[in-house]
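Enquirer: What follows is a single structure, and I will ask about it in a moment.
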Amino acid sequence: MFLIVPTRGSHLLELRWKQPLREDEVHALAENVLDEYPTVAKQSLRALVRLALTPQAWSRAASKARALLPKAANYDDGTYADILAASCRIPDGSLKDTLIDLLDGPLDGRPRRALLAALAREREPRILRHLFHELEHELATRRMAAARDLSAFPNVDSSILLKHLARENDATARFWIALALAVGGNAAPLLMFFQESRPERWYVWGDVIADDDTERFILHERKQLLTEEVRRALGSVKLQRSDPAESLLRELRLPAMTAGTEIKAKLADDVPHTASDGIARYAEAEEAERVVSRWILSMPDWEHDPQLLHERNLNFSQVDPRLRGRAVSGLFAHQFAYLRSKPSREPFAYGNEIDGFVADGGQTMFILVGRIIDHAVGIDVELLFRLYCEEVQKHVYTEAQLPAAAAYTSPREVLVATREALVSTDPELRRLAAEFIELARRNVGLGIPTWGGGGPPPDIPSTTNATEESGTDVLLYQAKLLVPAVVTRNERIRITIDLKRLADENADIRLNSVSPGWDTLTVDVSIVSTGITFASKDDEGTIALHCDGSSTPFEVEGLIDPGDDEKLLTIVALFSFRGRNCGWARAKVPIVGADLQPDETQHAGHVAIALEAKVPPLTLRLVRGDVEHMYGFNISVPEELRHILGMPDCLHGHCRLPQGELDHILEVLDHIAHVPNPDQARATLHGLGDLIYDLLPPAFHQAYCAIRRRSNDMFAIQFVSDDPGFPWELARPRFDGRRTNIICETHPVARWHAYRDDLVHKRLAKNGAILTVAPSYLGKRALPRAQEESAWLVETLGAQRLAPVSREAFLASLGPTADALSVLHVAAHGHFDRGRPLLSKLDFGDEYVNTAEIRGEHKEALRTAIVILNVCDAGASSQNLGGAVVSFLDAFIEQGAAAVIGPLWSVDDGSAMRLLKSCLPRILRGTSVAEALRDARYADDGSIDPLAFVLCGDVTGAFE
């Protein structure tokens, strides 16, 4: 029987697995729900509904289940029963109605019993009449099953239950009816049941429970419904160990606290540790690291290593989690190599002389893996799954420990590891992939099993409740940094970072209505500050956001250690959700002795969490500090990439970006537009790219190379900075000792301004027309290709042309009463004024529009649009008015645009036209803007002009 013994890190594991998965992340698994093979369809649905999903993903699951049900009615009873039970977990009201309607039809036998049990687990009140009817059945097993299901409901009519209890003779049915009454608050019948005489042997379950339920697990669920008073009353009942009901009582009762237990535990915690104790623990930690390192490189001593761990209390918790993760993977690899090479397979297996099968003896791996796996990172899930497939196909060892080890990673890592199998042409591989995912989820928090007898682990309860409320996939929070009003050098201070829901139009939306099935979100936070020293890894953590609106803040202590000239301490908190940038907050605190007053307005920021938004493989955030030329940085990557080989241990810190370097870069960009020789211009750009890449933090170099080795050279990169003057898109990476192409030639790349918190709101949507704006110029100022470009948009893509082009007409076409646009295209002369960026101009001939005017009034027409500026220097930017970013790009973003494309320098109008023709049709067909722009840079062989165009927006953004 499987014991429910939570591991030390079970709470953190549960939180990790409760983070909702997007539709694209579970797409392959969801598609297999309608697989032509019934076993694949069943297993895929069982796995899918046990994961936490976003609203769109749940909607996909509901549609798949709804389409599967008619087909499943023709499957065998066991498969149909499992599909019905799994469908009950989907939080969709209409699907639940369909399932309940089946109970009024000819549904019978195992499918009916499974459906009733599953709906009871969901506490669906509409099935109570069916359960009461089942209590009248002539078969005791049917009455027992109905009583067991009724015990899940706290408010059942006790008078009806008492009548049935009075005439019930079957011991198991009597127990469940009595337990149902106790759940409702009447404990007397249950206390009387334990005093009754009963058969020496009786079956608690019969044949009415699906194979994923166990006695202990269902009782574990039910005892959560009992009051403490009832459980204490049960604790006073004494039964012999030979009594068949003793195990039931032991699970339900609340043990009496032994006098002095709490005091003894407190005294034990307070025992002082001597210096010799510290030396001994250090030596044990060193020995633990040697043992772990040995398991990575070579096969363990299967006979003596378990004995060593049994005799020695080695401190594995102090060993690097990445080493322990590699050791977990290594132990399983070594084990299977040993099993293949040894005919007897000892000490893992033994032969049964009666029927000849080979059973496992997994106690060895339980000891070795179980001691090092808590908080281990970088476990090779792909390896575990390959071994799982090998094991199932040729059974020599329990497969239970492999998905149990995978449960210590994250759902995203497990899905990535099984992705190829999910789309395989082999139905058995598809089934095994879904089975592995389900078992991993069911093992979360339970630790590593021993030899795995008694079937699979207990099933997790479903917390999904169907709701008719309209949800949202964006949650808005205000970030709070609680720090002292002033600080003193060498003082230790406590920093508390918390998130509170904003009092806006979404304030009444509960997390459970946003994405049913989970109750807690975790947001990662890291602190960057040049004036505080933290203990290793203490400057990063998580904030837990609960469905009732409360939160668990991140708290940390640090030592004030500023530079001699610093008078103001700047603390920046950077937030990310599942590897995606979601906001930041800054606090500025005067240092004692400085003639400065505290500024409370600097102690807050905004965080926006997008549940459905895709996560770029690599995000770099840079924020300016108060120390000259110093920037704080943070690197975010998805969960499945966080611990890959080569990824730096610390992904945040500080870097130096001297203003002189930026000035030099801008001078080169101004010069490069006038270099007539394309080869010379490209060589100049390559030299500049080398310099720009070297300015990036070394941790970014390491992360970039690690991801490139792991995946491919096409992954997307998001830059987020409060100083957009640095053209990171032009960096030229060094990979495996050699320089590569300019980064925007190889990767989809986008920039965003760090002070903005609305990136997650920006969604491209085809909500309106394409508007093209192409002024006519006379003489040498004429742009013939711009006119051709505009005409092509009209003829090929059905664009509307602004005519005549004037300042008034242009602003009116974007104003509050204007029709929505999908694309705004401007092909015109422009001038960016670095000294007075607010007065930079879009030149319409006799008139112009400056950036201040564009920012001046909200342009509702642009709310879901992309703006393409084939305008010289439109991508250039500067800072003004307290550090706010000023540029054409930001002006349109400020006024609602979801994405803006523009060049960093003056470009040829022919090159601009060719780039537009290459990328815009693909963007409209759904290719991400960054990917289409990257590919379009190859349309002009030799010219560097396509490299001038930069994207301001979400690097994963695409038209929905």
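Each chain in the structure tokens gets a letter, A, B and so on, in the order shown; residues start at 1 in every chain, and ligands are counted from 1 in the order they appear.
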List the spatial neighbours of Ala187 (chain A) as a list in words - criterion: any atom at most 12 Å away, only C-alpha atoms, same-chain residues fewer than 2 positions off excluded.
Expert: Ser158, Leu162, Phe175, Ile177, Ala178, Leu179, Ala180, Leu181, Ala182, Val183, Gly184, Gly185, Pro189, Leu190, Leu191, Met192, Phe193, Phe194, Leu226, Thr227, Glu228, Glu229, Val230, Arg231, Arg232, Ala233, Leu234, Leu252 and Arg253 of chain A
Enquirer: Using N, CA and C atoms, can you export the residues from the last selection as a PDB file, in the first residue's frame?
Expert:
ATOM      1  N   SER A 158     -28.953  14.009   7.133  1.00  0.00           N
ATOM      2  CA  SER A 158     -28.559  12.970   8.090  1.00  0.00           C
ATOM      3  C   SER A 158     -29.707  12.010   8.400  1.00  0.00           C
ATOM      4  N   LEU A 162     -29.321   7.991   8.478  1.00  0.00           N
ATOM      5  CA  LEU A 162     -29.614   7.212   9.692  1.00  0.00           C
ATOM      6  C   LEU A 162     -30.585   6.075   9.400  1.00  0.00           C
ATOM      7  N   PHE A 175     -19.706   1.204   7.711  1.00  0.00           N
ATOM      8  CA  PHE A 175     -18.608   2.126   8.016  1.00  0.00           C
ATOM      9  C   PHE A 175     -18.735   3.416   7.207  1.00  0.00           C
ATOM     10  N   ILE A 177     -21.381   4.759   5.711  1.00  0.00           N
ATOM     11  CA  ILE A 177     -22.545   5.569   6.094  1.00  0.00           C
ATOM     12  C   ILE A 177     -22.241   6.309   7.396  1.00  0.00           C
ATOM     13  N   ALA A 178     -21.623   5.608   8.341  1.00  0.00           N
ATOM     14  CA  ALA A 178     -21.271   6.251   9.612  1.00  0.00           C
ATOM     15  C   ALA A 178     -20.255   7.376   9.388  1.00  0.00           C
ATOM     16  N   LEU A 179     -19.319   7.157   8.482  1.00  0.00           N
ATOM     17  CA  LEU A 179     -18.342   8.200   8.196  1.00  0.00           C
ATOM     18  C   LEU A 179     -19.019   9.399   7.523  1.00  0.00           C
ATOM     19  N   ALA A 180     -19.972   9.156   6.647  1.00  0.00           N
ATOM     20  CA  ALA A 180     -20.710  10.246   6.015  1.00  0.00           C
ATOM     21  C   ALA A 180     -21.433  11.078   7.073  1.00  0.00           C
ATOM     22  N   LEU A 181     -22.009  10.413   8.086  1.00  0.00           N
ATOM     23  CA  LEU A 181     -22.678  11.142   9.174  1.00  0.00           C
ATOM     24  C   LEU A 181     -21.653  11.951   9.978  1.00  0.00           C
ATOM     25  N   ALA A 182     -20.462  11.382  10.201  1.00  0.00           N
ATOM     26  CA  ALA A 182     -19.430  12.099  10.950  1.00  0.00           C
ATOM     27  C   ALA A 182     -18.956  13.327  10.177  1.00  0.00           C
ATOM     28  N   VAL A 183     -18.838  13.208   8.867  1.00  0.00           N
ATOM     29  CA  VAL A 183     -18.475  14.363   8.047  1.00  0.00           C
ATOM     30  C   VAL A 183     -19.514  15.471   8.194  1.00  0.00           C
ATOM     31  N   GLY A 184     -20.765  15.075   8.352  1.00  0.00           N
ATOM     32  CA  GLY A 184     -21.828  16.055   8.558  1.00  0.00           C
ATOM     33  C   GLY A 184     -21.927  16.567   9.981  1.00  0.00           C
ATOM     34  N   GLY A 185     -21.093  16.052  10.909  1.00  0.00           N
ATOM     35  CA  GLY A 185     -21.059  16.561  12.280  1.00  0.00           C
ATOM     36  C   GLY A 185     -21.592  15.613  13.328  1.00  0.00           C
ATOM     37  N   PRO A 189     -22.618   7.664  15.422  1.00  0.00           N
ATOM     38  CA  PRO A 189     -22.674   6.379  14.694  1.00  0.00           C
ATOM     39  C   PRO A 189     -21.288   5.823  14.362  1.00  0.00           C
ATOM     40  N   LEU A 190     -20.326   6.688  14.056  1.00  0.00           N
ATOM     41  CA  LEU A 190     -18.987   6.199  13.724  1.00  0.00           C
ATOM     42  C   LEU A 190     -18.303   5.638  14.967  1.00  0.00           C
ATOM     43  N   LEU A 191     -18.482   6.298  16.110  1.00  0.00           N
ATOM     44  CA  LEU A 191     -17.918   5.783  17.354  1.00  0.00           C
ATOM     45  C   LEU A 191     -18.543   4.441  17.709  1.00  0.00           C
ATOM     46  N   MET A 192     -19.860   4.326  17.482  1.00  0.00           N
ATOM     47  CA  MET A 192     -20.542   3.053  17.749  1.00  0.00           C
ATOM     48  C   MET A 192     -20.045   1.966  16.802  1.00  0.00           C
ATOM     49  N   PHE A 193     -19.775   2.331  15.535  1.00  0.00           N
ATOM     50  CA  PHE A 193     -19.304   1.333  14.569  1.00  0.00           C
ATOM     51  C   PHE A 193     -18.017   0.681  15.046  1.00  0.00           C
ATOM     52  N   PHE A 194     -17.105   1.481  15.575  1.00  0.00           N
ATOM     53  CA  PHE A 194     -15.820   0.920  15.999  1.00  0.00           C
ATOM     54  C   PHE A 194     -15.962   0.042  17.243  1.00  0.00           C
ATOM     55  N   LEU A 226     -13.481  16.136   8.590  1.00  0.00           N
ATOM     56  CA  LEU A 226     -13.913  15.924   9.971  1.00  0.00           C
ATOM     57  C   LEU A 226     -13.443  17.074  10.852  1.00  0.00           C
ATOM     58  N   THR A 227     -14.255  17.440  11.813  1.00  0.00           N
ATOM     59  CA  THR A 227     -13.849  18.475  12.754  1.00  0.00           C
ATOM     60  C   THR A 227     -12.791  17.919  13.696  1.00  0.00           C
ATOM     61  N   GLU A 228     -12.044  18.820  14.303  1.00  0.00           N
ATOM     62  CA  GLU A 228     -11.021  18.397  15.250  1.00  0.00           C
ATOM     63  C   GLU A 228     -11.665  17.675  16.434  1.00  0.00           C
ATOM     64  N   GLU A 229     -12.849  18.108  16.829  1.00  0.00           N
ATOM     65  CA  GLU A 229     -13.542  17.469  17.955  1.00  0.00           C
ATOM     66  C   GLU A 229     -13.864  16.012  17.636  1.00  0.00           C
ATOM     67  N   VAL A 230     -14.339  15.765  16.403  1.00  0.00           N
ATOM     68  CA  VAL A 230     -14.662  14.388  16.009  1.00  0.00           C
ATOM     69  C   VAL A 230     -13.397  13.542  15.984  1.00  0.00           C
ATOM     70  N   ARG A 231     -12.319  14.075  15.433  1.00  0.00           N
ATOM     71  CA  ARG A 231     -11.087  13.298  15.336  1.00  0.00           C
ATOM     72  C   ARG A 231     -10.488  13.026  16.716  1.00  0.00           C
ATOM     73  N   ARG A 232     -10.649  13.960  17.643  1.00  0.00           N
ATOM     74  CA  ARG A 232     -10.156  13.714  19.002  1.00  0.00           C
ATOM     75  C   ARG A 232     -10.990  12.626  19.683  1.00  0.00           C
ATOM     76  N   ALA A 233     -12.296  12.639  19.414  1.00  0.00           N
ATOM     77  CA  ALA A 233     -13.156  11.592  19.980  1.00  0.00           C
ATOM     78  C   ALA A 233     -12.745  10.223  19.443  1.00  0.00           C
ATOM     79  N   LEU A 234     -12.426  10.159  18.175  1.00  0.00           N
ATOM     80  CA  LEU A 234     -11.962   8.900  17.600  1.00  0.00           C
ATOM     81  C   LEU A 234     -10.629   8.483  18.213  1.00  0.00           C
ATOM     82  N   LEU A 252      -7.996   8.029  10.629  1.00  0.00           N
ATOM     83  CA  LEU A 252      -8.972   9.095  10.859  1.00  0.00           C
ATOM     84  C   LEU A 252      -8.755   9.871  12.144  1.00  0.00           C
ATOM     85  N   ARG A 253      -8.252   9.227  13.160  1.00  0.00           N
ATOM     86  CA  ARG A 253      -8.222   9.872  14.467  1.00  0.00           C
ATOM     87  C   ARG A 253      -7.119  10.916  14.558  1.00  0.00           C
TER      88      ARG A 253
END
Enquirer: Neighbours of region 314-317 of chain A within 12 Å (only C-alpha atoms; same-chain residues fewer than 4 positions away dropped), as number ranges by chain?
Expert: A: 8-9, 278, 280-293, 305-306, 308-310, 321-325, 327, 368-376
Enquirer: Name the closest residue to Tyr938 (chain A) among the candidates A:Ser840, A:Asp954, A:Pro733, A:Ser918; distances are taken between atoms, counting only C-alpha atoms.
Expert: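 Checking each candidate against Tyr938 (chain A), we get A:Ser918 as the closest.
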Enquirer: At a cut-off of 9 Å, using only C-alpha atoms, what residues contact region 737-741 of chain A? Leave out same-chain residues fewer than 5 positions from it and give the result as a ChimeraX atom specification.
Expert: /A:686,690,731-732,746
Enquirer: I'd like the neighbourhood of Asp24 (chain A) as a CSV table (one decimal) with all heavy atoms, in the first residue's frame, where a residue qualifies if any of its atoms comes within 12 Å (using only C-alpha atoms), though same-chain residues fewer than 5 positions away should be ignored.
Expert:
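Ended up saving to out_38.csv:
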chain,number,residue,atom,x,y,z
A,29,LEU,N,-0.2,16.8,-26.0
A,29,LEU,CA,-0.9,15.9,-25.1
A,29,LEU,C,-2.4,16.0,-25.4
A,29,LEU,O,-3.1,15.0,-25.5
A,29,LEU,CB,-0.6,16.3,-23.7
A,29,LEU,CG,-1.2,15.4,-22.6
A,29,LEU,CD1,-0.7,13.9,-22.8
A,29,LEU,CD2,-0.8,15.9,-21.2
A,30,ALA,N,-2.9,17.3,-25.6
A,30,ALA,CA,-4.3,17.5,-25.8
A,30,ALA,C,-4.8,16.8,-27.2
A,30,ALA,O,-5.9,16.3,-27.3
A,30,ALA,CB,-4.7,18.9,-25.8
A,31,GLU,N,-3.9,16.9,-28.2
A,31,GLU,CA,-4.2,16.3,-29.5
A,31,GLU,C,-4.4,14.8,-29.4
A,31,GLU,O,-5.2,14.2,-30.1
A,31,GLU,CB,-3.2,16.7,-30.5
A,31,GLU,CG,-3.2,18.1,-30.9
A,31,GLU,CD,-4.5,18.5,-31.6
A,31,GLU,OE1,-4.8,17.9,-32.6
A,31,GLU,OE2,-5.2,19.4,-31.1
A,53,LEU,N,-3.9,24.2,-15.6
A,53,LEU,CA,-4.0,24.7,-17.0
A,53,LEU,C,-4.5,26.2,-16.9
A,53,LEU,O,-5.2,26.5,-16.0
A,53,LEU,CB,-4.9,23.9,-17.9
A,53,LEU,CG,-4.5,22.4,-18.0
A,53,LEU,CD1,-5.5,21.7,-18.9
A,53,LEU,CD2,-3.1,22.2,-18.5
A,54,THR,N,-4.2,26.9,-18.0
A,54,THR,CA,-4.7,28.3,-18.1
A,54,THR,C,-6.1,28.1,-18.7
A,54,THR,O,-6.5,27.1,-19.2
A,54,THR,CB,-3.9,29.1,-19.1
A,54,THR,OG1,-3.9,28.5,-20.4
A,54,THR,CG2,-2.5,29.3,-18.6
A,56,GLN,N,-7.5,29.1,-21.5
A,56,GLN,CA,-7.5,28.6,-22.9
A,56,GLN,C,-7.2,27.1,-23.0
A,56,GLN,O,-7.8,26.4,-23.8
A,56,GLN,CB,-6.5,29.4,-23.8
A,56,GLN,CG,-7.0,30.8,-24.0
A,56,GLN,CD,-6.0,31.5,-24.9
A,56,GLN,OE1,-5.1,30.9,-25.6
A,56,GLN,NE2,-6.1,32.9,-25.0
A,57,ALA,N,-6.3,26.7,-22.2
A,57,ALA,CA,-5.9,25.2,-22.2
A,57,ALA,C,-7.0,24.4,-21.6
A,57,ALA,O,-7.3,23.3,-22.2
A,57,ALA,CB,-4.6,25.0,-21.3
A,58,TRP,N,-7.7,24.9,-20.6
A,58,TRP,CA,-8.9,24.1,-20.1
A,58,TRP,C,-10.0,24.1,-21.2
A,58,TRP,O,-10.7,23.1,-21.3
A,58,TRP,CB,-9.5,24.8,-18.8
A,58,TRP,CG,-8.8,24.3,-17.6
A,58,TRP,CD1,-8.2,25.2,-16.6
A,58,TRP,CD2,-8.6,23.0,-17.1
A,58,TRP,NE1,-7.7,24.4,-15.6
A,58,TRP,CE2,-7.9,23.1,-15.8
A,58,TRP,CE3,-8.9,21.8,-17.6
A,58,TRP,CZ2,-7.6,22.0,-15.1
A,58,TRP,CZ3,-8.6,20.6,-16.8
A,58,TRP,CH2,-7.9,20.7,-15.6
A,60,ARG,N,-9.5,24.0,-24.4
A,60,ARG,CA,-9.1,23.0,-25.3
A,60,ARG,C,-9.4,21.6,-24.8
A,60,ARG,O,-9.9,20.7,-25.5
A,60,ARG,CB,-7.6,23.2,-25.7
A,60,ARG,CG,-7.0,22.0,-26.4
A,60,ARG,CD,-7.6,21.9,-27.8
A,60,ARG,NE,-7.4,23.0,-28.7
A,60,ARG,CZ,-6.3,23.1,-29.5
A,60,ARG,NH1,-5.4,22.1,-29.5
A,60,ARG,NH2,-6.2,24.2,-30.2
A,412,ARG,N,6.7,21.6,-16.9
A,412,ARG,CA,7.2,22.0,-18.2
A,412,ARG,C,8.4,21.1,-18.6
A,412,ARG,O,8.5,20.7,-19.8
A,412,ARG,CB,7.6,23.5,-18.1
A,412,ARG,CG,8.4,24.0,-19.3
A,412,ARG,CD,7.5,24.1,-20.5
A,412,ARG,NE,8.3,24.6,-21.7
A,412,ARG,CZ,7.8,24.8,-22.9
A,412,ARG,NH1,6.5,24.4,-23.1
A,412,ARG,NH2,8.5,25.2,-23.9
A,415,LEU,N,7.0,17.8,-19.7
A,415,LEU,CA,6.4,17.9,-21.1
A,415,LEU,C,7.4,18.0,-22.2
A,415,LEU,O,7.3,17.4,-23.2
A,415,LEU,CB,5.4,19.0,-21.1
A,415,LEU,CG,4.1,18.8,-20.3
A,415,LEU,CD1,3.4,20.2,-20.1
A,415,LEU,CD2,3.2,17.9,-21.1
A,416,VAL,N,8.5,18.8,-21.9
A,416,VAL,CA,9.5,18.9,-22.9
A,416,VAL,C,10.2,17.6,-23.1
A,416,VAL,O,10.6,17.2,-24.3
A,416,VAL,CB,10.5,20.0,-22.5
A,416,VAL,CG1,11.8,20.0,-23.4
A,416,VAL,CG2,9.9,21.4,-22.6
A,419,ARG,N,8.1,15.3,-25.3
A,419,ARG,CA,7.4,15.9,-26.5
A,419,ARG,C,7.6,15.0,-27.7
A,419,ARG,O,6.6,14.8,-28.5
A,419,ARG,CB,8.0,17.3,-26.7
A,419,ARG,CG,7.4,18.0,-27.8
A,419,ARG,CD,7.8,19.5,-27.7
A,419,ARG,NE,9.2,19.7,-27.5
A,419,ARG,CZ,9.7,20.9,-27.0
A,419,ARG,NH1,8.9,21.9,-26.7
A,419,ARG,NH2,11.0,21.0,-26.8
A,611,LEU,N,-1.1,35.0,-17.9
A,611,LEU,CA,-1.1,33.5,-17.8
A,611,LEU,C,-0.9,32.8,-19.2
A,611,LEU,O,-0.3,31.8,-19.2
A,611,LEU,CB,-2.4,33.1,-17.2
A,611,LEU,CG,-2.8,33.6,-15.9
A,611,LEU,CD1,-4.1,33.1,-15.4
A,611,LEU,CD2,-1.7,33.3,-14.8
A,612,GLU,N,-1.4,33.4,-20.2
A,612,GLU,CA,-1.3,32.8,-21.5
A,612,GLU,C,-0.1,33.2,-22.4
A,612,GLU,O,0.1,32.7,-23.4
A,612,GLU,CB,-2.6,33.1,-22.4
A,612,GLU,CG,-3.9,32.8,-21.7
A,612,GLU,CD,-4.2,31.3,-21.7
A,612,GLU,OE1,-3.3,30.5,-22.2
A,612,GLU,OE2,-5.2,30.9,-21.1
A,613,ALA,N,0.7,34.2,-21.9
A,613,ALA,CA,1.8,34.7,-22.7
A,613,ALA,C,2.9,33.7,-22.8
A,613,ALA,O,3.3,33.0,-21.8
A,613,ALA,CB,2.3,36.0,-22.1
A,614,LYS,N,3.5,33.6,-24.0
A,614,LYS,CA,4.6,32.7,-24.1
A,614,LYS,C,5.9,33.3,-23.5
A,614,LYS,O,6.0,34.5,-23.3
A,614,LYS,CB,4.9,32.5,-25.6
A,614,LYS,CG,3.8,31.7,-26.3
A,614,LYS,CD,4.1,31.5,-27.8
A,614,LYS,CE,2.9,30.8,-28.5
A,614,LYS,NZ,3.2,30.5,-29.9
A,615,VAL,N,6.8,32.4,-23.1
A,615,VAL,CA,8.0,32.8,-22.4
A,615,VAL,C,9.2,32.7,-23.4
A,615,VAL,O,9.5,31.7,-24.0
A,615,VAL,CB,8.3,31.9,-21.2
A,615,VAL,CG1,9.6,32.3,-20.5
A,615,VAL,CG2,7.1,31.9,-20.3
Enquirer: For each of A:Gln895, A:Ile944, A:Leu502, A:Val40, take the minimum atom-to-atom distance to Arg430 (chain A), counting only C-alpha atoms, then give the residue where this is smallest.
Expert: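 Of the candidates, the smallest distance to Arg430 (chain A) is held by A:Val40.
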Enquirer: Do you know which residues are at most 12 Å from Gly779 (chain A) counting only C-alpha atoms, after dropping those on the same chain fewer than 4 positions away, and could you put them as a ChimeraX atom specification?
Expert: /A:783-784,845
Enquirer: Could you list, as a list in words, every residue within 10 Å of Asp243 (chain A), counting only C-alpha atoms and ignoring same-chain residues fewer than 2 positions away?
Expert: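 In the requested form, the answer reads Phe194, Ser197, Arg198, Pro199, Glu200, Arg201, Leu239, Gln240, Arg241, Ala245, Glu246, Ser247 and Leu248 of chain A.
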Enquirer: As an exercise, work out the distance from CA of Arg922 (chain A) to CA of Pro617 (chain A) in Å and give it to one decimal place.
Expert: 22.0 Å
